[in-house]
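data-v3.cif (mmCIF, C-alpha atoms)
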```cif
data_model
#
loop_
_atom_site.label_atom_id
_atom_site.label_comp_id
_atom_site.auth_asym_id
_atom_site.auth_seq_id
_atom_site.Cartn_x
_atom_site.Cartn_y
_atom_site.Cartn_z
CA MET A 1 -1.33 12.33 -5.45
CA LEU A 2 -4.23 9.99 -4.56
CA GLU A 3 -7.73 11.14 -3.70
CA THR A 4 -10.98 9.22 -3.49
CA HIS A 5 -14.44 10.72 -3.13
CA ASP A 6 -17.46 8.61 -2.13
CA LEU A 7 -15.79 5.58 -3.73
CA ALA A 8 -18.07 2.56 -3.44
CA LYS A 9 -18.46 -0.96 -4.75
CA ILE A 10 -21.74 -2.91 -4.66
CA TYR A 11 -21.61 -6.37 -6.23
CA GLU A 12 -24.35 -7.96 -8.32
CA ASP A 13 -25.50 -10.10 -5.40
CA GLY A 14 -26.07 -6.94 -3.36
CA ASN A 15 -22.99 -7.40 -1.19
CA VAL A 16 -21.34 -4.07 -0.42
CA GLY A 17 -17.57 -4.30 -0.76
CA LEU A 18 -16.90 -0.62 -0.08
CA HIS A 19 -19.03 2.18 1.36
CA GLY A 20 -18.28 5.72 0.12
CA LEU A 21 -14.53 5.88 0.83
CA ASN A 22 -12.91 9.31 1.18
CA ILE A 23 -9.13 9.33 1.62
CA ARG A 24 -6.20 11.38 0.42
CA VAL A 25 -2.54 10.34 0.22
CA GLN A 26 0.08 13.01 -0.43
CA PRO A 27 3.56 12.61 -1.99
CA GLY A 28 6.01 11.24 0.55
CA GLU A 29 3.21 9.93 2.76
CA LEU A 30 2.55 6.39 3.97
CA TYR A 31 -1.15 5.71 4.52
CA ALA A 32 -1.98 2.35 6.10
CA LEU A 33 -5.33 0.61 5.74
CA LEU A 34 -6.02 -1.74 8.63
CA GLY A 35 -8.92 -4.13 9.05
CA ALA A 36 -9.95 -7.75 9.25
CA ASN A 37 -10.17 -9.91 6.14
CA GLY A 38 -13.17 -8.73 4.13
CA ALA A 39 -13.06 -5.21 5.57
CA GLY A 40 -12.61 -3.61 2.14
CA LYS A 41 -8.85 -3.07 1.99
CA SER A 42 -8.17 -5.22 -1.08
CA THR A 43 -11.38 -3.97 -2.72
CA THR A 44 -10.03 -0.44 -2.40
CA ILE A 45 -6.73 -1.35 -4.03
CA ASN A 46 -8.43 -3.35 -6.79
CA LEU A 47 -10.64 -0.34 -7.59
CA LEU A 48 -7.59 1.94 -7.80
CA LEU A 49 -5.83 -0.54 -10.08
CA GLY A 50 -8.87 -0.78 -12.35
CA PHE A 51 -9.27 -4.51 -11.72
CA ILE A 52 -12.89 -3.84 -10.76
CA GLN A 53 -15.13 -0.87 -11.54
CA PRO A 54 -16.73 1.34 -8.86
CA SER A 55 -20.47 1.49 -8.40
CA ARG A 56 -20.23 5.19 -7.62
CA GLY A 57 -17.72 7.82 -6.62
CA THR A 58 -14.36 8.79 -8.04
CA ALA A 59 -10.69 8.06 -7.57
CA LYS A 60 -7.94 10.29 -8.94
CA ILE A 61 -4.23 9.60 -9.19
CA ASN A 62 -2.03 12.60 -9.92
CA GLY A 63 -5.20 14.42 -10.95
CA LEU A 64 -6.25 11.72 -13.42
CA ASP A 65 -9.54 9.84 -13.11
CA VAL A 66 -8.97 6.10 -12.64
CA VAL A 67 -12.08 5.11 -14.62
CA ALA A 68 -12.00 7.75 -17.36
CA GLN A 69 -8.20 7.64 -17.87
CA PRO A 70 -7.11 4.09 -16.96
CA VAL A 71 -4.00 3.91 -19.15
CA GLU A 72 -2.68 7.28 -18.01
CA THR A 73 -3.23 6.55 -14.32
CA LYS A 74 -1.48 3.18 -14.51
CA ARG A 75 1.69 4.95 -15.66
CA HIS A 76 1.94 6.45 -12.19
CA ILE A 77 1.24 3.26 -10.22
CA GLY A 78 3.60 0.69 -8.76
CA TYR A 79 1.85 -2.40 -7.37
CA ILE A 80 3.14 -5.01 -4.95
CA PRO A 81 0.63 -7.75 -4.07
CA GLU A 82 0.95 -10.32 -1.33
CA GLN A 83 2.72 -12.63 -3.78
CA VAL A 84 4.82 -10.96 -6.49
CA ALA A 85 4.36 -12.82 -9.78
CA LEU A 86 7.50 -13.23 -11.87
CA TYR A 87 8.19 -15.42 -14.90
CA GLY A 88 9.56 -18.53 -13.23
CA ASP A 89 11.92 -19.61 -16.01
CA LEU A 90 13.52 -16.15 -16.29
CA ASP A 91 16.14 -14.78 -13.94
CA ALA A 92 15.75 -11.58 -11.91
CA ARG A 93 17.43 -9.23 -14.38
CA THR A 94 15.50 -10.61 -17.36
CA ASN A 95 12.22 -10.23 -15.48
CA LEU A 96 13.16 -6.66 -14.59
CA ARG A 97 14.12 -5.87 -18.17
CA TYR A 98 10.78 -7.22 -19.38
CA PHE A 99 8.84 -5.10 -16.90
CA GLY A 100 10.86 -2.10 -17.99
CA ARG A 101 9.83 -2.64 -21.58
CA LEU A 102 6.20 -2.93 -20.54
CA ALA A 103 6.59 0.49 -18.92
CA GLY A 104 7.97 1.98 -22.14
CA ARG A 105 11.63 1.68 -21.23
CA ASN A 106 14.38 -0.31 -22.93
CA PRO A 107 16.85 -0.92 -20.10
CA SER A 108 20.15 -2.64 -20.66
CA LEU A 109 21.12 -5.65 -18.58
CA GLU A 110 23.75 -3.45 -16.93
CA GLU A 111 21.05 -0.95 -15.87
CA CYS A 112 18.96 -3.81 -14.51
CA ASP A 113 21.92 -5.07 -12.50
CA GLN A 114 22.48 -1.58 -11.08
CA LEU A 115 18.84 -1.28 -10.02
CA LEU A 116 18.87 -4.72 -8.40
CA GLU A 117 22.05 -3.81 -6.53
CA ALA A 118 20.45 -0.53 -5.38
CA VAL A 119 17.59 -2.42 -3.69
CA GLY A 120 19.92 -4.94 -2.07
CA PHE A 121 19.21 -7.92 -4.30
CA PRO A 122 21.91 -10.57 -3.66
CA LYS A 123 24.51 -10.61 -6.46
CA GLU A 124 24.81 -14.38 -6.25
CA ALA A 125 21.09 -14.73 -7.07
CA VAL A 126 20.93 -12.42 -10.09
CA SER A 127 21.13 -15.31 -12.55
CA ARG A 128 18.88 -17.62 -10.54
CA LYS A 129 15.52 -18.54 -12.07
CA ALA A 130 12.68 -16.62 -10.44
CA ARG A 131 10.90 -19.80 -9.37
CA TYR A 132 13.72 -20.40 -6.91
CA LEU A 133 13.72 -16.91 -5.40
CA SER A 134 12.41 -16.21 -1.92
CA LYS A 135 9.44 -13.91 -1.39
CA GLY A 136 11.75 -11.16 -0.17
CA MET A 137 13.89 -11.44 -3.32
CA ARG A 138 10.83 -11.29 -5.57
CA GLN A 139 9.70 -8.15 -3.76
CA LYS A 140 13.07 -6.54 -4.39
CA VAL A 141 12.63 -7.21 -8.12
CA ALA A 142 9.23 -5.50 -7.88
CA ILE A 143 10.71 -2.50 -6.06
CA ALA A 144 13.47 -2.24 -8.66
CA ALA A 145 10.76 -2.24 -11.35
CA ILE A 146 8.92 0.56 -9.52
CA LYS A 147 12.09 2.64 -9.40
CA MET A 148 12.74 2.00 -13.09
CA LYS A 149 9.20 2.97 -14.01
CA GLY A 150 9.33 6.10 -11.88
CA ALA A 151 5.95 5.29 -10.31
CA LYS A 152 4.65 8.07 -8.07
CA LEU A 153 2.06 6.01 -6.19
CA LEU A 154 2.68 2.63 -4.58
CA LEU A 155 -0.26 0.31 -3.90
CA LEU A 156 0.73 -2.48 -1.53
CA ASP A 157 -1.59 -5.34 -0.58
CA GLU A 158 -0.35 -7.32 2.45
CA PRO A 159 3.27 -7.23 1.22
CA THR A 160 4.84 -8.45 4.48
CA SER A 161 2.55 -11.43 5.00
CA GLY A 162 4.74 -14.51 5.30
CA LEU A 163 8.04 -12.63 5.48
CA ASP A 164 10.50 -13.53 8.21
CA PRO A 165 11.47 -10.66 10.57
CA ARG A 166 14.73 -9.89 8.78
CA ALA A 167 13.10 -9.77 5.34
CA ALA A 168 10.27 -7.63 6.73
CA SER A 169 12.77 -5.16 8.19
CA GLU A 170 14.57 -4.97 4.87
CA PHE A 171 11.29 -4.39 3.05
CA PHE A 172 10.36 -1.48 5.31
CA ARG A 173 13.84 -0.02 4.93
CA LEU A 174 13.33 0.06 1.17
CA LEU A 175 9.83 1.45 1.67
CA SER A 176 11.25 4.31 3.73
CA GLN A 177 13.65 5.11 0.90
CA LEU A 178 10.81 5.22 -1.62
CA ARG A 179 8.82 7.51 0.65
CA ALA A 180 11.86 9.78 1.09
CA GLU A 181 11.99 10.04 -2.71
CA GLY A 182 8.51 11.58 -2.60
CA ARG A 183 6.40 8.60 -3.58
CA ALA A 184 2.94 8.26 -2.06
CA ILE A 185 2.20 4.87 -0.49
CA LEU A 186 -1.14 3.22 0.26
CA MET A 187 -0.63 -0.04 2.10
CA ALA A 188 -3.22 -2.64 3.15
CA THR A 189 -1.76 -4.59 6.05
CA HIS A 190 -2.32 -6.39 9.34
CA ASP A 191 1.02 -5.16 10.73
CA LEU A 192 -0.22 -2.86 13.51
CA LEU A 193 3.16 -2.56 15.22
CA ARG A 194 5.03 -1.35 12.14
CA MET A 195 2.25 0.99 11.09
CA HIS A 196 2.10 2.49 14.57
CA GLN A 197 5.77 3.31 14.20
CA LEU A 198 5.97 4.28 10.52
CA ALA A 199 2.64 5.39 9.06
CA ASP A 200 1.79 9.06 8.59
CA ARG A 201 -1.88 8.17 8.80
CA VAL A 202 -3.85 5.03 9.53
CA GLY A 203 -7.36 4.23 8.32
CA ILE A 204 -9.24 1.47 10.12
CA MET A 205 -11.81 -0.34 7.99
CA LYS A 206 -14.71 -2.51 9.06
CA SER A 207 -17.41 -4.11 6.88
CA GLY A 208 -16.42 -1.99 3.89
CA LYS A 209 -16.41 1.28 5.82
CA LEU A 210 -13.61 3.57 6.90
CA VAL A 211 -14.62 3.81 10.56
CA THR A 212 -11.80 6.09 11.65
CA GLU A 213 -8.63 7.79 10.45
CA LEU A 214 -5.74 8.50 12.81
CA THR A 215 -3.09 11.12 12.18
CA ARG A 216 0.56 10.86 13.16
CA GLY A 217 -0.13 13.02 16.20
CA GLU A 218 -2.98 10.76 17.31
CA LEU A 219 -0.87 7.66 16.77
CA ASP A 220 1.78 9.15 19.06
CA GLN A 221 -0.86 9.58 21.78
CA LEU A 222 -2.82 6.33 21.48
CA ASP A 223 -2.19 2.58 21.61
CA LEU A 224 -3.00 1.56 18.03
CA GLU A 225 -3.63 -2.07 18.92
CA GLN A 226 -6.17 -1.12 21.57
CA VAL A 227 -7.86 1.35 19.22
CA TYR A 228 -8.03 -1.24 16.46
CA LEU A 229 -9.43 -3.99 18.68
CA SER A 230 -11.98 -1.66 20.23
CA TYR A 231 -13.33 -0.73 16.78
CA MET A 232 -13.58 -4.37 15.83
CA GLU A 233 -15.76 -4.95 18.88
CA ARG A 234 -17.94 -1.82 18.77
CA GLU A 235 -21.02 -0.84 16.78
CA GLU A 236 -21.27 2.90 17.46
CA ASP A 237 -18.18 3.99 15.53
CA GLU A 238 -18.87 7.75 15.56
CA ASP A 239 -19.41 7.83 19.32
CA HIS A 240 -16.22 5.85 19.75
CA ARG A 241 -14.31 8.25 17.52
CA GLN A 242 -15.41 11.19 19.64
CA GLN A 243 -14.25 9.37 22.77
CA LEU A 244 -10.83 8.77 21.21
CA GLN A 245 -10.52 12.45 20.35
CA LYS A 246 -11.23 13.29 24.00
CA GLU A 247 -8.48 10.88 25.05
CA VAL A 248 -5.99 12.51 22.64
CA SER A 249 -6.88 15.98 23.94
CA SER A 250 -6.56 14.80 27.53
CA ASN A 251 -3.15 13.21 26.87
CA ALA A 252 -1.90 16.32 25.10
CA THR A 253 -3.04 18.54 27.98
CA GLY A 254 -1.36 16.25 30.49
CA THR A 255 2.02 16.59 28.76
CA ASN A 256 1.96 20.42 28.72
#
```

Same coordinates, now as structure tokens:
Amino acid sequence: MLETHDLAKIYEDGNVGLHGLNIRVQPGELYALLGANGAGKSTTINLLLGFIQPSRGTAKINGLDVVAQPVETKRHIGYIPEQVALYGDLDARTNLRYFGRLAGRNPSLEECDQLLEAVGFPKEAVSRKARYLSKGMRQKVAIAAIKMKGAKLLLLDEPTSGLDPRAASEFFRLLSQLRAEGRAILMATHDLLRMHQLADRVGIMKSGKLVTELTRGELDQLDLEQVYLSYMEREEDEDHRQQLQKEVSSNATGTN
């Protein structure tokens, strides 16, 4: 569904935002990008969205090149940023109907209500102006829009930042449903605990580089927080990766 090859971004001032990224996200898979602010997570997502252009390398979504076929690729993308932007003077269903029309649909208000109900949007808030909606409610409008559009790839940039625990749990419940429907998910986040539990793969980024990628099996064997913190403190990333692989092998042998 999503594949990048040597994807890089070098800005005009010489600052390197991303060094030759190679990742793949399959349908039904949740891939988490972890890293400190400035590590390259948001740069990656902005490149995939076409907000900025790569300096080299390629990115393909459903086999389509992001740079060469920008309109076609965007038809497959659902995007949830840290703060979902809605039209403040419009209510939830009217916002959803507008987004549906942008995606080439012409949904009725009844269909919009059904989609909002399906993602758990409170019925009593359906007619409330968007400017008065909580962050969690705005995210549910965005998820309803993704379902309406039929997006196959979800790009999420710090979506749970600022959510209370209950709203965060509800968000991840909806995310699990979307993954079960076969949608591929790339998520930039600082939520190590949730990603340790839920992600199929985790990529740790540092200074624009993907310094390691952990599979589900490795996540089951290792303490993700310790791995993450150790990479933030180390310089020799390849040597460290080899040491982690030895630890995984040792743990697996010890359980047999």

Item checked: Reference answer for the PyMOL selection byres ((chain A and resi 30) around 8), as a PyMOL selection string -> chain A and resi 25+28-29+31-32+179+184-187+198-201

Note to self: Ranking A:His19, A:His190, A:His196, A:Lys206 by minimum distance to Asp220 in chain A and counting only C-alpha atoms, which one comes first?
What the structure shows: A:His196

Would you mind listing, for every residue of range 86-155 of chain A within 12 Å of range 57-72 of chain A, the two atoms forming the shortest contact and the distance between them in Å to one decimal, using all atoms listed in the file, sorted by chain and ascending residue number, as JSON lines?
```
{"residue": "A:Ala103", "atom": "CA", "partner": "A:Val71", "partner_atom": "CA", "distance": 11.1}
{"residue": "A:Ala151", "atom": "CA", "partner": "A:Asn62", "partner_atom": "CA", "distance": 10.8}
{"residue": "A:Lys152", "atom": "CA", "partner": "A:Asn62", "partner_atom": "CA", "distance": 8.3}
{"residue": "A:Leu153", "atom": "CA", "partner": "A:Ile61", "partner_atom": "CA", "distance": 7.8}
{"residue": "A:Leu154", "atom": "CA", "partner": "A:Ile61", "partner_atom": "CA", "distance": 10.8}
{"residue": "A:Leu155", "atom": "CA", "partner": "A:Ile61", "partner_atom": "CA", "distance": 11.4}
```

So that all listed atoms of range 137-146 of chain A fit with 5 Å spare on each side, what axis-aligned box centre and edge lengths in Å, to one decimal, would you give as lines of an AutoDock Vina configuration file?
```
center_x = 11.4
center_y = -5.4
center_z = -7.3
size_x = 15.0
size_y = 22.0
size_z = 18.0
```

Note to self: One number please: CA of Ile77 in chain A to CA of Leu224 in chain A, in Å, one decimal.
What the structure shows: 28.6 Å

Next item on the list: Considering only C-alpha atoms, state which residue in the set A:Arg183, A:Ser230, A:Phe99, A:Gly17 is at the smallest distance from Thr212 in chain A.
Entry: A:Ser230

Item checked: Residue nearest Glu111 in chain A among A:Leu96, A:Gln53, A:Met195, A:Ala125 (counting all atoms listed in the file) -> A:Leu96

Check: Between CA of Gln114 in chain A and CA of Thr189 in chain A, what is the spacing in Å?
Finding: 29.8 Å

Check: When you draw a straight line from CA of Leu48 in chain A to CA of Met1 in chain A, how long is it in Å?
Finding: 12.4 Å

Next item on the list: Would you be able to write out as a ChimeraX atom specification which residues have an atom within 10 Å of (-11.2, -2.2, 15.7) in the file's coordinates, counting only C-alpha atoms?
Entry: /A:34-36,204-206,211-212,224-235,237

Note to self: Evaluated on this file, the PyMOL selection byres ((chain A and resi 142) around 10) picks out some residues - which ones are they, written as a list in words?
What the structure shows: Gly78, Tyr79, Ile80, Pro81, Val84, Ala85, Leu86, Ala92, Asn95, Leu96, Phe99, Leu116, Val119, Gly136, Met137, Arg138, Gln139, Lys140, Val141, Ile143, Ala144, Ala145, Ile146, Lys147 and Met148 of chain A

Notebook entry, point to check: So what does the PyMOL selection byres ((chain A and resi 6-8) around 7) actually pick up in this one, as a list in words?
Noted result: Thr4, His5, Lys9, Ile10, Leu18, His19, Gly20, Leu21, Asn22, Pro54, Ser55, Arg56, Gly57, Thr58 and Ala59 of chain A

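Residue nearest Ser207 in chain A within the list A:Ser161, A:Asn37, A:Asn106, A:Thr73: A:Asn37 [criterion: smallest interatomic distance, all atoms listed in the file].
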